[in-house]
file data15.txt (compact mmCIF, C-alpha atoms)
# COMPACT_ATOMS: atom_id res chain seq x y z
CA MET A 1022 25.13 17.18 105.66
CA LYS A 1023 25.33 20.48 103.77
CA ILE A 1024 24.82 20.28 100.01
CA TYR A 1025 28.42 21.26 99.18
CA ASP A 1026 29.77 18.52 101.45
CA GLU A 1027 27.36 16.07 99.82
CA LEU A 1028 28.66 16.96 96.35
CA VAL A 1029 32.20 16.30 97.57
CA ALA A 1030 31.17 13.03 99.23
CA ARG A 1031 29.52 11.86 96.03
CA GLY A 1032 32.76 12.47 94.10
CA LEU A 1033 31.36 15.25 91.93
CA ILE A 1034 33.76 18.14 92.51
CA ALA A 1035 37.28 18.24 91.12
CA GLN A 1036 38.42 21.88 91.12
CA VAL A 1037 36.98 25.12 92.42
CA THR A 1038 37.85 28.76 92.68
CA ASP A 1039 37.02 30.56 95.93
CA GLU A 1040 35.88 27.45 97.79
CA GLU A 1041 34.65 29.20 100.94
CA GLU A 1042 32.53 31.66 98.95
CA ILE A 1043 31.15 28.80 96.84
CA LYS A 1044 30.20 26.87 99.98
CA GLU A 1045 28.46 29.92 101.40
CA LEU A 1046 26.38 30.49 98.26
CA ILE A 1047 25.45 26.85 97.61
CA ASN A 1048 24.72 25.87 101.20
CA ASN A 1049 22.44 28.86 101.68
CA GLY A 1050 20.60 28.56 98.36
CA LYS A 1051 22.07 31.80 97.01
CA ALA A 1052 23.76 30.47 93.89
CA THR A 1053 22.42 31.24 90.44
CA PHE A 1054 24.48 28.87 88.35
CA TYR A 1055 24.65 27.72 84.77
CA ILE A 1056 25.69 24.62 82.88
CA GLY A 1057 26.02 24.68 79.10
CA PHE A 1058 24.49 22.19 76.65
CA ASP A 1059 25.40 21.98 72.98
CA PRO A 1060 22.30 21.48 70.79
CA THR A 1061 24.01 19.06 68.39
CA ALA A 1062 21.15 16.52 68.50
CA ASP A 1063 17.43 16.49 69.22
CA SER A 1064 17.89 14.50 72.42
CA LEU A 1065 20.11 14.54 75.47
CA HIS A 1066 22.09 11.35 76.15
CA VAL A 1067 23.45 9.61 79.22
CA GLY A 1068 26.62 11.66 79.01
CA HIS A 1069 24.52 14.62 80.20
CA PHE A 1070 23.33 12.72 83.25
CA MET A 1071 25.87 14.08 85.69
CA ALA A 1072 25.06 17.67 84.80
CA LEU A 1073 21.29 17.11 84.99
CA CYS A 1074 21.51 15.34 88.35
CA LEU A 1075 23.76 18.07 89.70
CA MET A 1076 21.29 20.75 88.64
CA LYS A 1077 18.49 18.85 90.33
CA ARG A 1078 20.45 18.46 93.59
CA LEU A 1079 21.36 22.15 93.72
CA GLN A 1080 17.82 23.26 92.91
CA MET A 1081 16.47 21.04 95.69
CA ALA A 1082 18.81 22.94 98.01
CA GLY A 1083 17.26 26.27 96.97
CA ASN A 1084 19.69 27.33 94.24
CA LYS A 1085 18.60 28.53 90.79
CA PRO A 1086 19.78 26.66 87.68
CA ILE A 1087 20.24 28.17 84.25
CA ALA A 1088 20.42 25.69 81.39
CA LEU A 1089 22.43 27.55 78.76
CA ILE A 1090 21.83 26.23 75.25
CA GLY A 1091 24.68 26.92 72.85
CA GLY A 1092 22.59 28.09 69.95
CA GLY A 1093 25.19 30.72 69.06
CA THR A 1094 28.37 28.76 69.76
CA GLY A 1095 26.73 25.80 68.04
CA MET A 1096 27.03 27.80 64.84
CA ILE A 1097 30.82 27.46 65.01
CA GLY A 1098 32.59 24.64 66.85
CA ASP A 1099 33.98 23.52 70.17
CA PRO A 1100 37.47 21.98 69.94
CA SER A 1101 37.35 20.61 73.50
CA GLY A 1102 38.22 16.94 73.41
CA ARG A 1103 37.58 16.74 69.68
CA SER A 1104 39.85 15.81 66.81
CA ASP A 1105 37.62 17.29 64.13
CA MET A 1106 35.37 20.30 63.66
CA ARG A 1107 31.69 20.01 64.38
CA GLN A 1108 29.19 20.27 61.55
CA MET A 1109 27.36 23.59 61.46
CA MET A 1110 23.58 23.59 61.90
CA THR A 1111 20.77 25.83 60.75
CA GLU A 1112 18.98 28.09 63.21
CA GLU A 1113 15.79 26.05 62.70
CA THR A 1114 17.56 22.79 63.63
CA ILE A 1115 19.12 24.37 66.70
CA GLN A 1116 15.75 25.72 67.88
CA HIS A 1117 14.12 22.32 67.39
CA ASN A 1118 16.87 20.68 69.43
CA CYS A 1119 16.49 23.30 72.18
CA ASP A 1120 12.77 22.56 72.42
CA CYS A 1121 13.48 18.84 72.73
CA PHE A 1122 16.09 19.48 75.42
CA LYS A 1123 13.72 21.48 77.60
CA LYS A 1124 11.07 18.78 77.49
CA GLN A 1125 13.62 16.22 78.70
CA MET A 1126 15.16 18.55 81.28
CA GLU A 1127 11.77 19.06 82.90
CA ARG A 1128 12.15 15.54 84.27
CA PHE A 1129 15.01 16.87 86.38
CA ILE A 1130 14.51 20.61 86.73
CA ASP A 1131 11.49 22.65 87.84
CA PHE A 1132 11.16 25.59 85.45
CA SER A 1133 7.95 26.92 87.02
CA ASP A 1134 7.65 30.29 88.76
CA GLY A 1135 11.16 31.42 87.80
CA LYS A 1136 12.81 28.58 89.74
CA ALA A 1137 15.02 27.83 86.74
CA MET A 1138 15.71 29.24 83.30
CA MET A 1139 16.62 28.00 79.87
CA VAL A 1140 18.65 30.59 77.96
CA ASN A 1141 20.05 30.46 74.43
CA ASN A 1142 23.36 32.25 73.93
CA ALA A 1143 22.27 33.18 70.41
CA GLU A 1144 20.39 35.94 72.28
CA TRP A 1145 23.61 37.94 72.58
CA LEU A 1146 26.06 36.27 70.21
CA MET A 1147 24.14 36.44 66.93
CA GLY A 1148 23.79 40.22 66.97
CA LEU A 1149 27.37 41.11 67.93
CA ASN A 1150 29.23 43.82 66.06
CA TYR A 1151 32.66 42.30 65.43
CA ILE A 1152 34.70 45.50 65.77
CA GLU A 1153 32.94 46.56 68.97
CA PHE A 1154 33.26 43.08 70.43
CA ILE A 1155 36.99 42.75 69.70
CA ARG A 1156 37.71 46.22 71.10
CA ASP A 1157 35.68 45.54 74.24
CA ILE A 1158 36.55 41.91 75.01
CA GLY A 1159 39.72 41.12 73.06
CA PRO A 1160 42.17 43.05 75.30
CA HIS A 1161 41.30 40.79 78.24
CA PHE A 1162 42.64 37.61 76.57
CA SER A 1163 46.28 36.65 76.02
CA VAL A 1164 46.86 34.54 72.90
CA ASN A 1165 49.97 33.00 74.46
CA ARG A 1166 47.97 31.92 77.48
CA MET A 1167 45.07 30.63 75.39
CA LEU A 1168 47.42 28.38 73.42
CA THR A 1169 48.49 26.64 76.64
CA ALA A 1170 44.91 25.38 77.16
CA GLU A 1171 44.68 21.62 76.67
CA CYS A 1172 41.65 21.92 74.41
CA TYR A 1173 43.70 23.92 71.89
CA LYS A 1174 46.94 21.98 72.23
CA GLN A 1175 45.12 18.83 71.11
CA ARG A 1176 44.24 20.50 67.81
CA MET A 1177 47.43 22.38 67.02
CA GLU A 1178 49.13 19.53 65.16
CA LYS A 1179 46.17 18.91 62.84
CA GLY A 1180 45.31 22.55 62.51
CA LEU A 1181 43.12 24.86 64.57
CA SER A 1182 40.95 27.27 62.61
CA PHE A 1183 40.49 30.85 63.75
CA LEU A 1184 36.78 30.08 63.84
CA GLU A 1185 37.33 27.46 66.56
CA PHE A 1186 39.97 29.56 68.29
CA ASN A 1187 37.20 32.02 69.16
CA TYR A 1188 35.34 29.43 71.23
CA MET A 1189 37.05 30.23 74.54
CA ILE A 1190 36.23 33.91 74.12
CA MET A 1191 32.62 33.07 73.23
CA GLN A 1192 32.19 30.84 76.27
CA SER A 1193 33.78 33.42 78.55
CA PHE A 1194 31.48 36.06 77.12
CA ASP A 1195 28.52 33.78 77.91
CA PHE A 1196 29.33 33.86 81.62
CA TYR A 1197 29.84 37.62 81.50
CA MET A 1198 26.43 38.16 79.85
CA LEU A 1199 24.65 35.72 82.18
CA TYR A 1200 26.16 37.58 85.13
CA LYS A 1201 24.99 40.95 83.82
CA LYS A 1202 21.54 39.92 82.57
CA TYR A 1203 20.45 37.28 85.09
CA GLY A 1204 22.71 37.64 88.12
CA CYS A 1205 24.43 34.33 87.39
CA ASN A 1206 27.28 34.05 89.90
CA MET A 1207 28.53 30.51 89.33
CA GLN A 1208 29.31 28.13 86.49
CA PHE A 1209 29.74 24.36 86.43
CA GLY A 1210 31.35 22.29 83.71
CA GLY A 1211 33.47 19.28 82.90
CA ASP A 1212 37.14 19.08 83.73
CA ASP A 1213 37.90 19.47 80.01
CA GLN A 1214 36.29 22.93 80.18
CA TRP A 1215 38.40 24.32 83.02
CA SER A 1216 40.41 26.77 80.87
CA ASN A 1217 37.28 28.15 79.22
CA MET A 1218 35.57 28.52 82.58
CA LEU A 1219 38.48 30.36 84.13
CA GLY A 1220 38.38 32.70 81.15
CA GLY A 1221 34.80 33.64 82.01
CA THR A 1222 35.55 34.22 85.68
CA GLU A 1223 38.56 36.40 84.86
CA LEU A 1224 36.64 38.37 82.24
CA ILE A 1225 33.92 39.31 84.75
CA ARG A 1226 36.46 40.41 87.33
CA ARG A 1227 38.49 42.43 84.85
CA LYS A 1228 35.44 44.12 83.40
CA LEU A 1229 33.50 44.65 86.62
CA GLY A 1230 36.17 44.70 89.30
CA LYS A 1231 37.89 42.08 91.43
CA ASN A 1232 35.03 42.03 93.90
CA ALA A 1233 32.56 40.83 91.26
CA CYS A 1234 31.14 37.51 92.39
CA ALA A 1235 32.03 34.90 89.78
CA MET A 1236 32.81 31.32 90.75
CA THR A 1237 33.75 28.19 88.84
CA ILE A 1238 33.52 24.51 89.66
CA THR A 1239 34.43 21.49 87.56
CA LEU A 1240 32.94 18.04 87.91
CA LEU A 1241 35.39 15.27 88.65
CA LEU A 1242 34.32 12.76 86.03
CA ASN A 1243 32.26 14.81 83.63
CA SER A 1244 34.57 14.05 80.69
CA GLU A 1245 34.14 10.39 81.49
CA GLY A 1246 30.43 11.07 81.81
CA LYS A 1247 30.33 12.33 78.23
CA LYS A 1248 31.81 9.02 77.12
CA MET A 1249 28.92 7.27 78.86
CA GLY A 1250 26.71 8.51 76.04
CA LYS A 1251 28.36 6.18 73.53
CA THR A 1252 28.29 2.41 73.25
CA GLN A 1253 29.53 0.09 70.57
CA SER A 1254 26.22 0.34 68.75
CA GLY A 1255 25.69 4.09 69.08
CA ALA A 1256 24.42 6.65 71.55
CA VAL A 1257 22.25 5.95 74.59
CA TRP A 1258 19.60 8.64 74.40
CA LEU A 1259 17.08 9.94 76.91
CA ASP A 1260 14.43 10.05 74.18
CA PRO A 1261 12.45 6.77 74.39
CA GLU A 1262 11.98 6.82 70.61
CA LYS A 1263 15.75 6.66 70.15
CA THR A 1264 16.65 4.39 73.09
CA SER A 1265 13.80 2.35 74.56
CA PRO A 1266 13.35 2.36 78.35
CA PHE A 1267 14.37 -1.31 78.30
CA ASP A 1268 17.63 -0.64 76.42
CA PHE A 1269 18.25 2.33 78.70
CA TYR A 1270 17.81 0.07 81.73
CA GLN A 1271 20.07 -2.57 80.19
CA TYR A 1272 22.81 -0.01 79.57
CA TRP A 1273 23.05 0.75 83.29
CA ARG A 1274 22.46 -2.89 84.28
CA ASN A 1275 25.57 -3.81 82.32
CA VAL A 1276 28.05 -1.28 83.71
CA ALA A 1277 31.39 -2.69 84.84
CA ASP A 1278 31.67 -4.02 88.39
CA ALA A 1279 34.29 -1.39 89.16
CA ASP A 1280 31.96 1.46 88.14
CA VAL A 1281 28.59 0.51 89.59
CA LEU A 1282 28.98 2.00 93.09
CA LYS A 1283 30.65 5.10 91.67
CA CYS A 1284 27.65 5.60 89.36
CA ILE A 1285 25.16 5.01 92.18
CA ARG A 1286 26.95 7.59 94.31
CA MET A 1287 27.18 10.23 91.58
CA LEU A 1288 23.93 9.76 89.68
CA THR A 1289 21.20 8.46 91.98
CA PHE A 1290 19.40 10.25 94.79
CA LEU A 1291 19.70 7.39 97.24
CA PRO A 1292 20.93 8.48 100.69
CA LEU A 1293 24.70 8.35 101.10
CA GLU A 1294 24.27 6.21 104.22
CA GLN A 1295 22.56 3.53 102.14
CA ILE A 1296 25.20 3.74 99.41
CA ASN A 1297 28.07 3.55 101.88
CA GLU A 1298 26.65 0.26 103.16
CA MET A 1299 27.10 -1.13 99.63
CA ASP A 1300 30.83 -0.40 99.60
CA SER A 1301 31.58 -3.86 100.98
CA TRP A 1302 29.39 -5.63 98.42
CA GLU A 1303 31.06 -8.08 96.08
CA GLY A 1304 30.27 -11.02 93.82
CA SER A 1305 26.54 -11.51 93.23
CA GLN A 1306 25.78 -8.49 95.40
CA LEU A 1307 27.22 -6.28 92.65
CA ASN A 1308 24.50 -7.58 90.32
CA THR A 1309 21.95 -6.38 92.88
CA ALA A 1310 23.72 -3.00 92.92
CA LYS A 1311 23.51 -2.85 89.13
CA GLU A 1312 19.77 -3.53 89.26
CA ILE A 1313 19.37 -0.73 91.79
CA LEU A 1314 21.36 1.67 89.58
CA ALA A 1315 19.44 0.74 86.43
CA TYR A 1316 16.05 0.97 88.12
CA GLU A 1317 16.72 4.32 89.80
CA LEU A 1318 17.98 6.02 86.64
CA THR A 1319 15.31 4.54 84.38
CA ALA A 1320 12.63 5.73 86.81
CA LEU A 1321 14.22 9.18 86.87
CA VAL A 1322 14.10 9.52 83.08
CA HIS A 1323 11.10 7.39 82.05
CA GLY A 1324 9.01 7.01 85.22
CA GLU A 1325 8.37 4.23 87.71
CA GLU A 1326 6.06 2.20 85.46
CA GLU A 1327 8.58 1.97 82.62
CA ALA A 1328 11.36 1.18 85.09
CA LYS A 1329 9.33 -1.73 86.49
CA LYS A 1330 8.60 -3.06 83.00
CA ALA A 1331 12.28 -2.82 82.04
CA GLN A 1332 13.38 -4.58 85.21
CA GLU A 1333 10.87 -7.39 84.71
CA GLY A 1334 11.91 -7.72 81.07
CA ALA A 1335 15.59 -7.98 81.97
CA ARG A 1336 14.89 -10.62 84.58
CA ALA A 1337 12.68 -12.53 82.14
CA LEU A 1338 15.67 -13.55 80.05
CA PHE A 1339 16.90 -15.66 82.95
CA SER A 1340 13.57 -17.09 84.06
CA ALA A 1341 12.87 -20.18 81.95
CA GLY A 1342 11.95 -18.32 78.80
CA ASN A 1343 9.38 -15.98 80.31
CA ALA A 1344 9.38 -13.23 77.68
CA ASP A 1345 6.29 -11.26 78.67
CA ASN A 1346 8.16 -8.02 79.34
CA MET A 1347 11.00 -8.31 76.84
CA PRO A 1348 11.42 -5.51 74.30
CA GLU A 1349 9.68 -6.44 71.06
CA THR A 1350 10.36 -6.11 67.36
CA LYS A 1351 7.25 -6.63 65.28
CA LEU A 1352 7.53 -7.93 61.73
CA SER A 1353 5.08 -7.05 58.97
CA ASP A 1354 4.44 -8.80 55.66
CA GLU A 1355 6.87 -6.40 53.96
CA ASP A 1356 9.75 -7.77 56.07
CA PHE A 1357 9.44 -11.22 54.47
CA THR A 1358 10.47 -12.44 51.04
CA ASP A 1359 8.64 -15.56 49.90
CA GLY A 1360 7.51 -16.12 53.47
CA SER A 1361 10.92 -15.90 55.16
CA ILE A 1362 13.60 -13.50 56.39
CA ASP A 1363 17.34 -14.11 56.64
CA LEU A 1364 18.91 -13.98 60.07
CA ILE A 1365 21.20 -11.05 59.28
CA SER A 1366 18.25 -8.94 58.15
CA LEU A 1367 16.40 -9.95 61.30
CA LEU A 1368 19.30 -8.84 63.49
CA CYS A 1369 19.31 -5.48 61.72
CA LYS A 1370 15.53 -5.13 61.98
CA ALA A 1371 15.72 -5.86 65.73
CA GLN A 1372 18.52 -3.25 66.08
CA LEU A 1373 20.81 -5.81 67.67
CA VAL A 1374 23.46 -4.86 65.09
CA THR A 1375 24.05 -1.65 63.18
CA SER A 1376 25.03 -3.18 59.83
CA ARG A 1377 24.88 -6.42 57.88
CA SER A 1378 28.64 -6.87 58.21
CA GLU A 1379 28.35 -6.60 62.00
CA GLY A 1380 25.52 -9.13 61.92
CA ARG A 1381 27.57 -11.52 59.80
CA ARG A 1382 30.49 -11.33 62.24
CA ALA A 1383 28.22 -11.89 65.24
CA ILE A 1384 26.81 -15.07 63.69
CA GLU A 1385 30.20 -16.41 62.60
CA GLN A 1386 31.61 -15.84 66.09
CA GLY A 1387 28.81 -17.87 67.69
CA GLY A 1388 27.17 -14.92 69.39
CA VAL A 1389 23.63 -15.29 68.00
CA SER A 1390 20.85 -17.63 69.11
CA VAL A 1391 17.21 -18.16 68.19
CA ASP A 1392 15.02 -19.45 71.02
CA GLY A 1393 18.10 -20.73 72.82
CA GLU A 1394 19.67 -22.44 69.78
CA LYS A 1395 23.06 -21.05 68.73
CA ILE A 1396 23.17 -20.25 65.01
CA THR A 1397 26.51 -20.05 63.14
CA ASP A 1398 25.22 -20.25 59.56
CA ILE A 1399 25.20 -16.77 58.03
CA LYS A 1400 22.62 -17.98 55.47
CA TYR A 1401 20.17 -19.12 58.15
CA ILE A 1402 16.55 -18.36 57.24
CA VAL A 1403 13.62 -17.78 59.59
CA ALA A 1404 10.28 -18.77 58.09
CA LYS A 1405 7.26 -16.68 58.94
CA ALA A 1406 5.30 -19.84 59.66
CA ASP A 1407 7.87 -20.91 62.28
CA ILE A 1408 7.49 -17.80 64.44
CA PRO A 1409 5.23 -18.73 67.39
CA GLN A 1410 2.14 -16.69 68.14
CA ASP A 1411 3.69 -15.48 71.40
CA GLY A 1412 6.97 -14.65 69.64
CA MET A 1413 10.49 -16.02 69.66
CA VAL A 1414 13.62 -14.77 71.42
CA LEU A 1415 16.48 -13.48 69.27
CA LYS A 1416 19.66 -13.03 71.25
CA ARG A 1417 23.03 -11.48 70.48
CA GLY A 1418 25.75 -12.11 73.05
CA LYS A 1419 24.79 -12.45 76.70
CA LYS A 1420 23.08 -9.12 77.21
CA LYS A 1421 21.21 -8.10 74.05
CA PHE A 1422 17.92 -9.71 73.06
CA LYS A 1423 14.54 -9.01 71.49
CA LYS A 1424 11.26 -10.84 71.30
CA ILE A 1425 10.35 -11.21 67.62
CA CYS A 1426 6.62 -11.05 66.98
CA LEU A 1427 4.36 -10.95 63.95
call {"tool": "encode", "arguments": {"input": "data15.txt", "output": "structure tokens"}}
result
Amino acid sequence: MKIYDELVARGLIAQVTDEEEIKELINNGKATFYIGFDPTADSLHVGHFMALCLMKRLQMAGNKPIALIGGGTGMIGDPSGRSDMRQMMTEETIQHNCDCFKKQMERFIDFSDGKAMMVNNAEWLMGLNYIEFIRDIGPHFSVNRMLTAECYKQRMEKGLSFLEFNYMIMQSFDFYMLYKKYGCNMQFGGDDQWSNMLGGTELIRRKLGKNACAMTITLLLNSEGKKMGKTQSGAVWLDPEKTSPFDFYQYWRNVADADVLKCIRMLTFLPLEQINEMDSWEGSQLNTAKEILAYELTALVHGEEEAKKAQEGARALFSAGNADNMPETKLSDEDFTDGSIDLISLLCKAQLVTSRSEGRRAIEQGGVSVDGEKITDIKYIVAKADIPQDGMVLKRGKKKFKKICL
């Protein structure tokens, strides 16, 4: 199967311009394509997974990825899918985040020998002369047409600043500059970015002629993919210091039954023939599918050894108290007051809740247990002397647990 047909079969492509030309470039390894990443944190999260996996697939087929870091556009704001304006960052913070991104991307993308590039759009945006830019680029954009874009319509009622209104022009200019400087002939992005992407394609053709090669593709569920990065307790990061390999594994192990095969198809590198055989799976077989999904993605991000540890730890919860590979929270003398710690503080320390009020509610609702015993007393105290040498299991709900050790 050709790579373009595989992308379609995996449910990754929603809309394209110039489909036959896109097929020709991708299938023959002639595409130099970019996907943008906003440096708003010092780690990528699971919402970036679809883009990273796509870049890996296309590079394996001989195409050249460009990871475009929005160091310049990150200085303003992107209204796409947002109800508020993003906080501005310093150049130092943006550069630090870019460095962290590249380290994580190297798990997916081979940057050696010019096989891929990481480019920061601050390279051309930060030094722009406003008058020259508006005279050169401004005539190619219709305000009336820009206001029909969904990303702007969402903000019109609450107020859209002129600063944010510039974002479509900035993103379009990115594609134009990547085309001129690096021969980038294709862009990928989420379905919420379609208007911005079309703006870039049209700008290249208006500036350089209709025969200029500029293609766009959107990913079917990329907007949904961005939502994958958030859970009730915060973001699921690729950085193991922010989200442990075990918690990362558990996130994917706990996806909804209706989503597991879709995620396997879109995000793993298992052969489609093998995945198609899973389409008829139901009941307990879906739990097996979830284990496959969690293992494959954890191995992709954190390596085989960590994936095995996470899988063994997850299974340990259901194997007669075997807690050898459970994630641990270690307590020091400073965590105790008069030789004990209250249960709410322990839940917070173990990062099973994000606040004391959340911990209180979890206990009152009967969702917390200590070594298998349900605790409903919000004043429950755990004595240091009562914690076994090999630790005790603190559990919140059915799927979140930690081994508490001294």
call {"tool": "closest_residue", "arguments": {"input": "data15.txt", "among": "A:Ile1399, A:Cys1172, A:Leu1352, A:Val1414", "to": "Ala1337 (chain A)", "atoms": "all atoms listed in the file"}}
result
A:Val1414
call {"tool": "closest_residue", "arguments": {"input": "data15.txt", "among": "A:Ser1064, A:Gln1036, A:Ser1376, A:Asn1141", "to": "Thr1264 (chain A)", "atoms": "all atoms listed in the file"}}
result
A:Ser1064
call {"tool": "closest_residue", "arguments": {"input": "data15.txt", "among": "A:Met1126, A:Leu1307, A:Tyr1270, A:Ile1408", "to": "Ala1328 (chain A)", "atoms": "only C-alpha atoms"}}
result
A:Tyr1270
call {"tool": "residues_near_point", "arguments": {"input": "data15.txt", "point": "(31.9, 27.5, 86.4)", "cutoff": "6 Å", "atoms": "all atoms listed in the file", "output": "PyMOL selection string"}}
result
chain A and resi 1207-1210+1218+1236-1238
call {"tool": "residues_around", "arguments": {"input": "data15.txt", "residues": "region 1300-1306 of chain A", "least_positions_apart": "3", "cutoff": "12 Å", "atoms": "only C-alpha atoms", "output": "short mmCIF file (atom, residue, chain, number, x, y, z; two decimals) with C-alpha atoms, in the frame of the given file"}}
result
data_model
loop_
_atom_site.label_atom_id
_atom_site.label_comp_id
_atom_site.auth_asym_id
_atom_site.auth_seq_id
_atom_site.Cartn_x
_atom_site.Cartn_y
_atom_site.Cartn_z
CA ASP A 1278 31.67 -4.02 88.39
CA ALA A 1279 34.29 -1.39 89.16
CA ASP A 1280 31.96 1.46 88.14
CA VAL A 1281 28.59 0.51 89.59
CA LEU A 1282 28.98 2.00 93.09
CA LYS A 1283 30.65 5.10 91.67
CA ILE A 1285 25.16 5.01 92.18
CA ARG A 1286 26.95 7.59 94.31
CA LEU A 1293 24.70 8.35 101.10
CA GLU A 1294 24.27 6.21 104.22
CA GLN A 1295 22.56 3.53 102.14
CA ILE A 1296 25.20 3.74 99.41
CA ASN A 1297 28.07 3.55 101.88
CA THR A 1309 21.95 -6.38 92.88
CA ALA A 1310 23.72 -3.00 92.92
CA LYS A 1311 23.51 -2.85 89.13
CA GLU A 1312 19.77 -3.53 89.26
CA ILE A 1313 19.37 -0.73 91.79
#
call {"tool": "axis_aligned_box", "arguments": {"input": "data15.txt", "around": "region 1154-1161 of chain A", "padding_each_side": "5 Å", "output": "JSON"}}
result
{"center_x": 37.7, "center_y": 43.5, "center_z": 74.0, "size_x": 18.9, "size_y": 15.4, "size_z": 18.5}
call {"tool": "closest_residue", "arguments": {"input": "data15.txt", "among": "A:Ala1371, A:Ser1378, A:Met1071, A:Asn1049", "to": "Lys1424 (chain A)", "atoms": "all atoms listed in the file"}}
result
A:Ala1371
call {"tool": "closest_residue", "arguments": {"input": "data15.txt", "among": "A:Asp1356, A:Ile1365, A:Glu1045, A:Asp1157", "to": "Ile1396 (chain A)", "atoms": "only C-alpha atoms"}}
result
A:Ile1365
call {"tool": "closest_residue", "arguments": {"input": "data15.txt", "among": "A:Gly1093, A:Gly1380, A:Gly1412, A:Gly1230", "to": "Asp1392 (chain A)", "atoms": "all atoms listed in the file"}}
result
A:Gly1412
call {"tool": "atom_distance", "arguments": {"input": "data15.txt", "atom1": "CA of Ala1383 (chain A)", "atom2": "CA of Asn1308 (chain A)"}}
result
25.7 Å
call {"tool": "residues_around", "arguments": {"input": "data15.txt", "residues": "Ala1082 (chain A)", "least_positions_apart": "4", "cutoff": "7 Å", "atoms": "all atoms listed in the file", "output": "list of chain:residue names"}}
result
A:Ile1024, A:Gly1050, A:Arg1078
call {"tool": "atom_distance", "arguments": {"input": "data15.txt", "atom1": "CA of Asn1217 (chain A)", "atom2": "CA of Tyr1200 (chain A)"}}
result
15.7 Å
call {"tool": "build_atoms", "arguments": {"input": "data15.txt", "residues": "region 1132-1146 of chain A", "atoms": "N, CA and C atoms", "output": "compact mmCIF listing (two decimals), in the frame of the given file"}}
result
# COMPACT_ATOMS: atom_id res chain seq x y z
N PHE A 1132 11.04 24.29 86.10
CA PHE A 1132 11.16 25.59 85.45
C PHE A 1132 10.01 26.53 85.82
N SER A 1133 9.11 26.10 86.68
CA SER A 1133 7.95 26.92 87.02
C SER A 1133 8.33 28.08 87.94
N ASP A 1134 7.55 29.14 87.83
CA ASP A 1134 7.65 30.29 88.76
C ASP A 1134 9.07 30.85 88.88
N GLY A 1135 9.82 30.84 87.79
CA GLY A 1135 11.16 31.42 87.80
C GLY A 1135 12.17 30.65 88.61
N LYS A 1136 11.87 29.38 88.94
CA LYS A 1136 12.81 28.58 89.74
C LYS A 1136 14.03 28.14 88.94
N ALA A 1137 13.92 28.18 87.63
CA ALA A 1137 15.02 27.83 86.74
C ALA A 1137 14.78 28.52 85.41
N MET A 1138 15.82 28.59 84.61
CA MET A 1138 15.71 29.24 83.30
C MET A 1138 16.41 28.39 82.25
N MET A 1139 15.89 28.49 81.02
CA MET A 1139 16.62 28.00 79.87
C MET A 1139 16.92 29.21 79.00
N VAL A 1140 18.20 29.41 78.71
CA VAL A 1140 18.65 30.59 77.96
C VAL A 1140 19.47 30.12 76.77
N ASN A 1141 19.29 30.77 75.64
CA ASN A 1141 20.05 30.46 74.43
C ASN A 1141 21.07 31.56 74.19
N ASN A 1142 22.36 31.20 74.08
CA ASN A 1142 23.36 32.25 73.93
C ASN A 1142 23.32 32.94 72.57
N ALA A 1143 22.49 32.44 71.66
CA ALA A 1143 22.27 33.18 70.41
C ALA A 1143 21.66 34.55 70.70
N GLU A 1144 21.03 34.68 71.86
CA GLU A 1144 20.39 35.94 72.28
C GLU A 1144 21.38 37.10 72.24
N TRP A 1145 22.64 36.85 72.60
CA TRP A 1145 23.61 37.94 72.58
C TRP A 1145 24.74 37.73 71.56
N LEU A 1146 24.95 36.51 71.12
CA LEU A 1146 26.06 36.27 70.21
C LEU A 1146 25.71 36.60 68.76
